[in-house]
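File shown here: protein.cif, holding mmCIF, C-alpha atoms.
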```cif
data_coords
#
loop_
_atom_site.label_atom_id
_atom_site.label_comp_id
_atom_site.auth_asym_id
_atom_site.auth_seq_id
_atom_site.Cartn_x
_atom_site.Cartn_y
_atom_site.Cartn_z
CA MET Z 1 -1.84 37.75 169.42
CA GLU Z 2 -0.80 37.85 173.05
CA SER Z 3 -3.56 38.90 175.41
CA PRO Z 4 -2.98 42.29 177.08
CA TRP Z 5 -4.08 40.78 180.39
CA ARG Z 6 -0.97 38.61 180.41
CA THR Z 7 1.70 41.25 180.15
CA PRO Z 8 3.53 41.88 183.44
CA SER Z 9 2.98 45.64 183.11
CA ILE Z 10 -0.79 45.18 183.09
CA LEU Z 11 -0.63 42.85 186.06
CA LEU Z 12 1.46 45.37 187.96
CA MET Z 13 -0.97 48.17 187.17
CA LEU Z 14 -3.95 46.11 188.21
CA SER Z 15 -2.22 45.04 191.42
CA LEU Z 16 -1.59 48.66 192.27
CA PHE Z 17 -5.19 49.45 191.39
CA VAL Z 18 -6.42 46.74 193.74
CA LEU Z 19 -4.13 47.69 196.61
CA GLY Z 20 -4.23 51.46 196.36
CA SER Z 21 -7.43 52.62 194.71
CA SER Z 22 -8.67 55.95 196.02
CA GLY Z 23 -10.53 57.22 192.96
CA TYR Z 24 -12.94 54.29 192.64
CA GLU Z 25 -15.88 53.40 194.81
CA GLY Z 26 -15.09 49.84 195.83
CA GLY Z 27 -14.35 47.64 198.78
CA GLY Z 28 -11.46 48.10 201.14
CA ALA Z 29 -8.35 45.99 201.48
CA ASP Z 30 -10.22 43.28 203.38
CA GLU Z 31 -12.61 42.92 200.47
CA ALA Z 32 -9.90 42.71 197.85
CA LYS Z 33 -9.70 38.95 198.28
CA THR Z 34 -13.10 37.35 198.09
CA SER Z 35 -13.20 33.66 198.93
CA LEU Z 36 -15.20 31.42 196.66
CA HIS Z 37 -17.01 30.23 199.76
CA HIS Z 38 -18.50 33.70 200.16
CA LEU Z 39 -19.70 34.36 196.63
CA PRO Z 40 -23.19 35.89 196.58
CA HIS Z 41 -26.15 33.69 195.74
CA ARG Z 42 -28.48 35.26 193.20
CA GLY Z 43 -31.20 32.70 192.63
CA PRO Z 44 -31.63 28.94 192.23
CA ASP Z 45 -28.69 26.95 190.89
CA ARG Z 46 -29.59 25.41 187.56
CA SER Z 47 -26.12 24.23 186.64
CA HIS Z 48 -27.39 20.63 186.63
CA GLU Z 49 -29.86 21.30 183.83
CA LYS Z 50 -28.89 20.44 180.29
CA SER Z 51 -28.22 23.54 178.21
CA SER Z 52 -28.74 21.53 175.03
CA SER Z 53 -32.54 21.68 175.42
CA SER Z 54 -34.16 24.07 172.96
CA LEU Z 55 -36.09 27.28 173.49
CA VAL Z 56 -39.85 26.98 173.01
CA THR Z 57 -41.34 30.19 171.61
CA SER Z 58 -44.34 31.24 169.55
CA SER Z 59 -42.00 33.27 167.31
CA PRO Z 60 -39.09 31.00 166.34
CA ILE Z 61 -35.71 32.57 165.82
CA THR Z 62 -34.23 31.48 162.51
CA LYS Z 63 -31.02 33.50 162.42
CA LEU Z 64 -28.45 34.71 164.92
CA PHE Z 65 -26.10 37.65 164.44
CA VAL Z 66 -23.19 37.84 166.87
CA PHE Z 67 -21.09 40.87 167.85
CA GLY Z 68 -18.28 41.09 170.39
CA ASP Z 69 -15.00 39.46 171.38
CA SER Z 70 -13.37 36.12 172.14
CA TYR Z 71 -16.16 34.93 174.43
CA VAL Z 72 -18.34 34.58 171.32
CA ASP Z 73 -15.85 34.53 168.42
CA THR Z 74 -15.97 31.26 166.46
CA GLY Z 75 -13.26 31.94 163.91
CA ASN Z 76 -12.73 35.60 162.97
CA ALA Z 77 -9.60 36.46 164.96
CA ASP Z 78 -6.12 35.32 164.06
CA GLY Z 79 -3.73 34.01 166.68
CA ASN Z 80 -3.76 31.38 169.42
CA SER Z 81 -7.22 30.03 168.70
CA TRP Z 82 -5.94 28.56 165.43
CA GLY Z 83 -3.10 26.66 167.08
CA GLU Z 84 -2.79 23.63 169.34
CA PRO Z 85 -4.05 22.80 171.92
CA TYR Z 86 -7.16 24.91 171.28
CA GLY Z 87 -10.12 22.88 170.03
CA ILE Z 88 -8.93 19.54 171.46
CA THR Z 89 -12.38 18.72 172.87
CA TYR Z 90 -14.36 20.10 169.93
CA PRO Z 91 -13.93 19.77 167.01
CA GLY Z 92 -10.72 17.92 167.83
CA LYS Z 93 -8.44 20.50 166.22
CA PRO Z 94 -7.93 24.29 166.37
CA ALA Z 95 -10.98 26.02 164.91
CA GLY Z 96 -10.77 29.68 165.91
CA ARG Z 97 -12.38 29.37 169.36
CA MET Z 98 -10.57 30.51 172.50
CA SER Z 99 -11.37 27.31 174.36
CA ASP Z 100 -10.84 23.58 174.21
CA GLY Z 101 -14.25 23.38 172.50
CA ARG Z 102 -17.53 25.21 172.15
CA VAL Z 103 -18.06 28.78 173.35
CA LEU Z 104 -21.11 30.87 174.28
CA THR Z 105 -22.24 31.31 170.66
CA ASP Z 106 -22.40 27.56 170.09
CA PHE Z 107 -24.55 26.95 173.15
CA LEU Z 108 -26.93 29.79 172.34
CA ALA Z 109 -27.34 28.69 168.70
CA SER Z 110 -28.15 25.16 169.82
CA TYR Z 111 -30.60 26.42 172.43
CA LEU Z 112 -32.39 28.57 169.84
CA GLY Z 113 -32.82 25.47 167.69
CA LEU Z 114 -30.49 26.55 164.87
CA LYS Z 115 -29.01 23.61 162.98
CA SER Z 116 -25.54 25.15 163.24
CA PRO Z 117 -23.93 28.22 164.80
CA PRO Z 118 -23.66 31.26 162.51
CA ALA Z 119 -20.58 31.22 160.30
CA PRO Z 120 -17.70 33.61 161.07
CA TYR Z 121 -17.77 36.73 158.90
CA ARG Z 122 -14.30 36.02 157.51
CA ARG Z 123 -15.64 32.80 155.97
CA TRP Z 124 -19.14 34.04 155.17
CA THR Z 125 -20.71 33.22 151.82
CA THR Z 126 -24.30 33.19 150.64
CA SER Z 127 -24.25 29.41 151.16
CA THR Z 128 -23.52 29.88 154.88
CA ALA Z 129 -26.06 32.66 155.38
CA GLU Z 130 -28.94 30.47 156.53
CA THR Z 131 -28.35 30.68 160.28
CA GLY Z 132 -26.84 34.18 160.43
CA VAL Z 133 -23.34 35.60 160.75
CA ASN Z 134 -20.81 35.91 163.56
CA PHE Z 135 -18.95 39.23 163.39
CA ALA Z 136 -17.30 38.90 166.83
CA THR Z 137 -13.50 39.11 166.87
CA GLY Z 138 -11.31 38.12 169.79
CA GLY Z 139 -9.51 40.91 171.60
CA THR Z 140 -11.82 43.69 170.42
CA GLY Z 141 -14.11 46.04 172.31
CA VAL Z 142 -16.62 48.83 172.01
CA PHE Z 143 -13.73 51.12 171.08
CA ASN Z 144 -10.37 50.33 169.50
CA THR Z 145 -8.24 48.10 171.71
CA LEU Z 146 -4.71 46.70 171.74
CA ASN Z 147 -6.00 44.19 169.18
CA PRO Z 148 -6.24 45.56 165.61
CA GLY Z 149 -9.52 43.75 164.97
CA PRO Z 150 -12.80 45.56 164.19
CA ASN Z 151 -14.43 47.36 167.12
CA MET Z 152 -18.15 47.07 167.79
CA SER Z 153 -19.13 49.92 165.45
CA THR Z 154 -17.13 48.37 162.59
CA GLN Z 155 -18.68 44.97 163.22
CA ILE Z 156 -22.12 46.56 162.92
CA ASP Z 157 -20.97 48.27 159.71
CA GLN Z 158 -20.08 44.83 158.35
CA PHE Z 159 -23.56 43.63 159.28
CA GLN Z 160 -25.23 46.64 157.68
CA ASN Z 161 -23.34 46.04 154.43
CA LEU Z 162 -24.97 42.61 154.15
CA LEU Z 163 -28.50 43.91 154.52
CA GLY Z 164 -30.45 43.92 151.29
CA GLN Z 165 -28.01 41.67 149.47
CA ALA Z 166 -28.28 38.71 151.84
CA TYR Z 167 -31.00 39.36 154.40
CA SER Z 168 -34.50 40.74 154.00
CA PHE Z 169 -36.66 42.53 156.54
CA ALA Z 170 -38.53 39.26 157.10
CA ASP Z 171 -35.22 37.54 157.89
CA LEU Z 172 -34.37 40.16 160.49
CA ASN Z 173 -37.86 40.06 161.97
CA SER Z 174 -37.29 36.43 162.94
CA SER Z 175 -33.71 36.92 164.06
CA ALA Z 176 -31.80 37.65 167.23
CA ALA Z 177 -28.49 39.34 167.96
CA LEU Z 178 -26.00 38.44 170.68
CA VAL Z 179 -23.76 41.28 171.89
CA THR Z 180 -20.92 40.42 174.26
CA ILE Z 181 -18.15 42.70 175.50
CA SER Z 182 -15.86 41.14 178.11
CA GLY Z 183 -13.47 43.87 179.22
CA ASN Z 184 -10.88 44.51 176.49
CA ASP Z 185 -11.75 48.22 176.54
CA TYR Z 186 -10.71 48.39 180.19
CA THR Z 187 -7.40 46.55 179.80
CA THR Z 188 -6.56 48.85 176.90
CA TYR Z 189 -7.47 51.92 178.94
CA ILE Z 190 -5.31 50.81 181.87
CA LYS Z 191 -2.43 49.89 179.55
CA ASN Z 192 -2.53 53.29 177.87
CA LYS Z 193 -3.10 55.41 180.97
CA GLY Z 194 -0.89 53.59 183.45
CA ILE Z 195 -1.45 54.37 187.11
CA GLY Z 196 -3.37 57.47 186.04
CA ALA Z 197 -6.16 55.18 184.86
CA ILE Z 198 -7.33 54.83 188.45
CA VAL Z 199 -8.63 58.39 188.60
CA GLY Z 200 -10.66 58.27 185.39
CA LEU Z 201 -11.67 54.61 185.29
CA LYS Z 202 -15.18 55.10 186.61
CA ASP Z 203 -15.93 57.79 184.03
CA PHE Z 204 -14.46 55.61 181.31
CA ILE Z 205 -16.72 52.72 182.31
CA THR Z 206 -19.69 55.05 181.90
CA THR Z 207 -18.38 56.09 178.47
CA VAL Z 208 -18.05 52.45 177.40
CA VAL Z 209 -21.59 51.64 178.52
CA ILE Z 210 -23.01 54.70 176.75
CA GLN Z 211 -21.38 53.65 173.47
CA LEU Z 212 -22.37 50.00 173.97
CA THR Z 213 -25.98 51.11 174.50
CA ALA Z 214 -25.89 53.12 171.28
CA ASP Z 215 -24.48 50.08 169.44
CA VAL Z 216 -27.19 47.80 170.81
CA LYS Z 217 -29.90 50.28 169.80
CA ARG Z 218 -28.38 50.57 166.32
CA ILE Z 219 -28.57 46.80 165.81
CA HIS Z 220 -32.23 46.86 166.78
CA ASP Z 221 -32.93 49.90 164.59
CA LEU Z 222 -31.43 48.04 161.62
CA GLY Z 223 -34.23 45.53 161.99
CA VAL Z 224 -33.06 42.76 164.33
CA SER Z 225 -36.15 42.03 166.40
CA ARG Z 226 -34.52 40.69 169.55
CA VAL Z 227 -31.17 41.84 170.91
CA LEU Z 228 -29.46 39.98 173.73
CA VAL Z 229 -26.65 41.89 175.42
CA SER Z 230 -24.52 40.30 178.12
CA ASN Z 231 -22.97 42.00 181.09
CA VAL Z 232 -19.38 41.24 182.07
CA ALA Z 233 -18.24 38.25 184.09
CA PRO Z 234 -16.69 38.69 187.56
CA LEU Z 235 -13.32 39.78 186.19
CA GLY Z 236 -11.62 39.40 189.56
CA CYS Z 237 -12.31 35.65 189.42
CA LEU Z 238 -10.55 35.03 186.11
CA PRO Z 239 -7.45 32.85 186.57
CA ILE Z 240 -5.19 35.72 185.49
CA MET Z 241 -6.38 37.51 188.61
CA ALA Z 242 -7.29 34.77 191.07
CA SER Z 243 -5.09 31.73 190.44
CA PHE Z 244 -2.08 33.07 192.33
CA THR Z 245 -3.96 33.82 195.56
CA GLY Z 246 -6.74 31.25 195.31
CA HIS Z 247 -9.26 34.05 195.81
CA CYS Z 248 -11.27 36.35 193.59
CA LEU Z 249 -10.12 39.97 193.70
CA GLY Z 250 -13.02 41.90 195.15
CA ILE Z 251 -12.16 45.38 193.90
CA ILE Z 252 -11.70 44.15 190.34
CA ASN Z 253 -15.14 42.59 190.68
CA ASP Z 254 -16.41 45.96 191.93
CA MET Z 255 -15.27 47.44 188.62
CA ALA Z 256 -17.28 44.79 186.77
CA ASP Z 257 -20.27 45.41 189.05
CA PHE Z 258 -20.24 49.12 188.23
CA HIS Z 259 -20.22 48.34 184.51
CA ASN Z 260 -23.10 45.91 185.00
CA GLN Z 261 -25.18 48.34 187.04
CA GLN Z 262 -24.78 51.01 184.37
CA LEU Z 263 -25.63 48.54 181.61
CA GLN Z 264 -28.73 47.25 183.39
CA GLN Z 265 -30.09 50.77 183.71
CA ALA Z 266 -29.33 51.46 180.06
CA VAL Z 267 -31.06 48.30 178.82
CA GLN Z 268 -34.07 49.05 180.99
CA GLY Z 269 -34.20 52.50 179.40
CA LEU Z 270 -34.11 51.02 175.90
CA SER Z 271 -36.84 48.53 176.77
CA SER Z 272 -39.11 51.18 178.25
CA ASN Z 273 -39.11 53.02 174.93
CA LEU Z 274 -40.50 50.03 173.05
CA SER Z 275 -44.19 49.43 172.59
CA ALA Z 276 -45.81 46.98 175.00
CA LEU Z 277 -47.73 45.75 171.96
CA SER Z 278 -44.56 44.24 170.49
CA PRO Z 279 -43.67 41.37 172.87
CA THR Z 280 -41.57 39.60 170.23
CA THR Z 281 -39.18 42.51 169.87
CA GLY Z 282 -36.88 44.17 172.32
CA PHE Z 283 -33.78 43.90 174.47
CA THR Z 284 -32.71 41.17 176.87
CA LEU Z 285 -29.90 41.54 179.41
CA LEU Z 286 -28.00 38.27 179.79
CA ASP Z 287 -26.61 38.08 183.30
CA LEU Z 288 -23.31 36.45 182.46
CA HIS Z 289 -21.92 37.73 185.75
CA SER Z 290 -24.33 35.80 187.96
CA SER Z 291 -24.09 32.72 185.77
CA PHE Z 292 -20.31 32.68 186.23
CA LEU Z 293 -20.79 33.00 189.97
CA PHE Z 294 -23.14 30.01 189.96
CA ALA Z 295 -20.54 27.95 188.13
CA LEU Z 296 -17.85 29.07 190.57
CA ASP Z 297 -20.03 28.19 193.54
CA SER Z 298 -21.38 24.89 192.23
CA LYS Z 299 -20.15 22.28 194.67
CA GLY Z 300 -18.61 19.27 192.98
CA LEU Z 301 -19.17 20.49 189.43
CA PHE Z 302 -15.49 21.29 188.86
CA GLU Z 303 -12.35 20.10 190.60
CA ASN Z 304 -10.43 23.12 189.36
CA LEU Z 305 -12.12 26.52 189.64
CA LEU Z 306 -9.51 29.27 189.53
CA LYS Z 307 -6.55 27.66 187.79
CA PRO Z 308 -6.51 27.22 184.01
CA CYS Z 309 -6.47 23.77 182.45
CA CYS Z 310 -3.90 25.00 179.94
CA ALA Z 311 -1.25 26.59 182.16
CA THR Z 312 1.90 28.32 180.92
CA THR Z 313 5.33 28.35 182.49
CA SER Z 314 5.43 32.14 182.40
CA LEU Z 315 2.96 35.01 182.22
CA ASP Z 316 4.87 36.10 179.14
CA HIS Z 317 3.62 32.98 177.34
CA ASN Z 318 0.19 32.07 176.07
CA CYS Z 319 -1.48 28.70 176.10
CA GLY Z 320 -0.04 26.90 173.10
CA TYR Z 321 3.29 28.76 173.15
CA VAL Z 322 6.23 26.76 171.77
CA ASP Z 323 9.83 27.95 171.93
CA SER Z 324 10.77 28.69 168.33
CA LYS Z 325 14.42 27.75 168.92
CA THR Z 326 14.11 24.55 170.94
CA GLY Z 327 10.62 23.39 170.01
CA GLU Z 328 9.84 23.04 173.71
CA LYS Z 329 6.22 23.51 174.76
CA LYS Z 330 5.90 26.23 177.36
CA TYR Z 331 2.51 25.07 178.56
CA SER Z 332 0.88 22.03 180.13
CA ILE Z 333 -2.67 20.70 179.89
CA CYS Z 334 -4.72 19.15 182.67
CA MET Z 335 -5.73 15.50 182.34
CA ASN Z 336 -9.41 16.25 181.75
CA PRO Z 337 -10.62 19.71 180.65
CA GLN Z 338 -14.13 18.82 181.84
CA THR Z 339 -12.93 19.09 185.43
CA SER Z 340 -11.79 22.71 184.96
CA LEU Z 341 -14.00 25.78 184.73
CA PHE Z 342 -11.35 27.73 182.80
CA TRP Z 343 -9.31 26.67 179.81
CA ASP Z 344 -6.66 29.41 179.83
CA TRP Z 345 -6.05 32.57 181.85
CA LEU Z 346 -9.20 34.24 180.53
CA HIS Z 347 -11.55 31.80 178.84
CA PRO Z 348 -13.79 28.98 180.08
CA THR Z 349 -13.53 25.39 178.94
CA GLN Z 350 -16.38 23.92 176.94
CA ALA Z 351 -17.59 22.36 180.20
CA GLY Z 352 -17.31 25.76 181.84
CA TRP Z 353 -19.43 27.40 179.17
CA ASP Z 354 -21.94 24.56 179.47
CA ALA Z 355 -22.30 25.23 183.20
CA VAL Z 356 -22.58 28.99 182.68
CA PHE Z 357 -25.15 28.62 179.91
CA SER Z 358 -27.23 26.12 181.88
CA ASN Z 359 -27.98 28.93 184.28
CA LEU Z 360 -28.18 31.62 181.62
CA ALA Z 361 -30.77 29.68 179.62
CA ASN Z 362 -33.40 30.36 182.27
CA THR Z 363 -33.20 34.11 181.59
CA ILE Z 364 -33.45 33.56 177.84
CA ASN Z 365 -36.45 31.27 178.27
CA GLN Z 366 -38.27 33.85 180.39
CA GLN Z 367 -37.60 36.87 178.21
CA LEU Z 368 -37.66 35.66 174.59
#
```

Please render this file's structure as structure tokens.
Amino acid sequence: MESPWRTPSILLMLSLFVLGSSGYEGGGADEAKTSLHHLPHRGPDRSHEKSSSSLVTSSPITKLFVFGDSYVDTGNADGNSWGEPYGITYPGKPAGRMSDGRVLTDFLASYLGLKSPPAPYRRWTTSTAETGVNFATGGTGVFNTLNPGPNMSTQIDQFQNLLGQAYSFADLNSSAALVTISGNDYTTYIKNKGIGAIVGLKDFITTVVIQLTADVKRIHDLGVSRVLVSNVAPLGCLPIMASFTGHCLGIINDMADFHNQQLQQAVQGLSSNLSALSPTTGFTLLDLHSSFLFALDSKGLFENLLKPCCATTSLDHNCGYVDSKTGEKKYSICMNPQTSLFWDWLHPTQAGWDAVFSNLANTINQQL
């Protein structure tokens, strides 16, 4: 399915939002284009560390349950991820991941010491239950989006239906959940509301975070001992936003910042309600936003930061698009995906995810 970020109408709306926002608290016109050379530093750069090293904890995590969208989906969604050239780095063929290879779920599962990432729900059987289940579906959100896949509440329903028949309380007590929402709710809102979305966007962000918080709490209440929830990446630095100007769009990043501020407060509120006597249970905020900024600001790590490795000849086409009449490929691939942070207009390469997770792992190590 074509990503809603790619449609010209969405780009036009977002451009107008960036240039003429009066209903959102963000930067002015001079801040709308943020150079990579002026990205904020938020701690030591650990992008050189190997993310493949495993977490050391007194309470090992034996299962991982994943909820969210294409940043963590490993095979539930239909569409581009099952066609060439996706998967060319790993596993060497299309495998349902929106990247040339591994995505966030794969790196986290390896770091937790699981022998394999949790199987996608669409292919789940009792024989694949050992390391958990991945319910995440590309293109989805907290609420219904332009993608017909299951929203967050439905994904949790799918999880709940497996409890008792496949997983015991003891299983959940030694498990973790990863919850990742990357912005599909906001593209859907802007698509549906048009220019009028500008006025109500801030309130809608709050609504999304409130529902996301309820979803995260529900997962924990169902018995999952440790819930990791990620904030959103700097959306203004995605190639769909930044590749044409060579700069991140500051006001779009302001939108992401507002979401992240609201989410941080919400997760802190959830954590404060847990007993201090239960250090092996609780909520962890994964700062995906800062980890992306580290990758973007890592000198020499990538030759290509804001342009996708798999580039299309038109915004109307997706990576992998082939003209059905002529058989002509409407995309091109860079020589070496490892030199690019992003694979397509929205998603990192495997090397990109490796760099992001190398920084993210420090947070996990401190809080799990």

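Residue membership of the PyMOL selection byres ((chain Z and resi 228) around 9) in the shown file amounts to Z:Ala176, Z:Ala177, Z:Leu178, Z:Val179, Z:Thr180, Z:Val216, Z:Arg226, Z:Val227, Z:Val229, Z:Ser230, Z:Gly282, Z:Phe283, Z:Thr284, Z:Leu285, Z:Leu286, Z:Ile364.
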
Nearest candidate to Arg102 (chain Z) (options Z:Glu84, Z:Asp73, Z:Asp344, Z:Glu130; using only C-alpha atoms):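 Among the listed residues, Z:Asp73 lies closest to Arg102 (chain Z).
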
Å distance separating CA of Ala355 (chain Z) from CA of Ser291 (chain Z), one decimal place: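 According to the coordinates, CA of Ala355 (chain Z) and CA of Ser291 (chain Z) are separated by 8.1 Å.
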
Tyr90 (chain Z) surroundings by only C-alpha atoms, 9 Å radius, close-in-sequence under 3 positions cut, as an mmCIF file with C-alpha atoms, keeping the file's coordinate frame:
```cif
data_model
loop_
_atom_site.group_PDB
_atom_site.id
_atom_site.type_symbol
_atom_site.label_atom_id
_atom_site.label_comp_id
_atom_site.auth_asym_id
_atom_site.auth_seq_id
_atom_site.Cartn_x
_atom_site.Cartn_y
_atom_site.Cartn_z
ATOM 1 C CA TYR Z 86 -7.160 24.910 171.280
ATOM 2 C CA GLY Z 87 -10.120 22.880 170.030
ATOM 3 C CA LYS Z 93 -8.440 20.500 166.220
ATOM 4 C CA PRO Z 94 -7.930 24.290 166.370
ATOM 5 C CA ALA Z 95 -10.980 26.020 164.910
ATOM 6 C CA SER Z 99 -11.370 27.310 174.360
ATOM 7 C CA ASP Z 100 -10.840 23.580 174.210
ATOM 8 C CA GLY Z 101 -14.250 23.380 172.500
ATOM 9 C CA ARG Z 102 -17.530 25.210 172.150
ATOM 10 C CA GLN Z 350 -16.380 23.920 176.940
#
```

One-decimal distance in Å that lies between CA of Pro148 (chain Z) and CA of Asp323 (chain Z): 24.7 Å

Result set of the PyMOL selection byres ((chain Z and resi 333) around 10) on the coordinates above, as a PyMOL selection string: chain Z and resi 85+308-312+319-320+331-332+334-337+343-344

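Proximity to Phe67 (chain Z) was assessed for Z:Trp345, Z:Trp82, Z:Phe159, Z:Tyr167 counting all atoms listed in the file; the smallest distance is recorded for Z:Phe159.
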
Polymer residues at most 12 Å from (-17.7, 47.9, 169.8) by all atoms listed in the file, as a PyMOL selection string: chain Z and resi 66-69+135-145+149-157+179-185+207-216+218-219

Pick from Z:Leu288, Z:Leu305, Z:Gly269, Z:Thr206 nearest to Cys248 (chain Z), counting all atoms listed in the file: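 The answer is Z:Leu305, which sits nearest to Cys248 (chain Z).
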
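The spacing separating CA of Gly92 (chain Z) from CA of Gln338 (chain Z) amounts to 14.4 Å.
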
Residue nearest Leu162 (chain Z) among Z:Asp106, Z:Leu270, Z:Phe244, Z:Phe65 (counting only C-alpha atoms): Z:Phe65

Option closest in space to Thr349 (chain Z), from Z:Ala295, Z:Leu235, Z:Val224, Z:Leu172 [counting all atoms listed in the file]: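 Ranking Z:Ala295, Z:Leu235, Z:Val224, Z:Leu172 by distance to Thr349 (chain Z), first place goes to Z:Ala295.
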
Best match for closeness to His347 (chain Z) among Z:Asn192, Z:Cys237, Z:His317, Z:Lys217, counting only C-alpha atoms: Z:Cys237

Selection result of the PyMOL selection byres ((chain Z and resi 123) around 10) on this file, as a PyMOL selection string: chain Z and resi 75-76+119-122+124-125+128+133-134

Contacts of Lys63 (chain Z) at 6 Å (only C-alpha atoms; same-chain gap of 4+ positions) as an NGL selection string: :Z and (131-132 or 175)

Write the residues of the selection above to a file with C-alpha atoms, as a short mmCIF file (atom, residue, chain, number, x, y, z; two decimals), in the frame of the given file.
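Result saved to again_32.cif:
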```
data_model
loop_
_atom_site.label_atom_id
_atom_site.label_comp_id
_atom_site.auth_asym_id
_atom_site.auth_seq_id
_atom_site.Cartn_x
_atom_site.Cartn_y
_atom_site.Cartn_z
CA THR Z 131 -28.35 30.68 160.28
CA GLY Z 132 -26.84 34.18 160.43
CA SER Z 175 -33.71 36.92 164.06
#
```
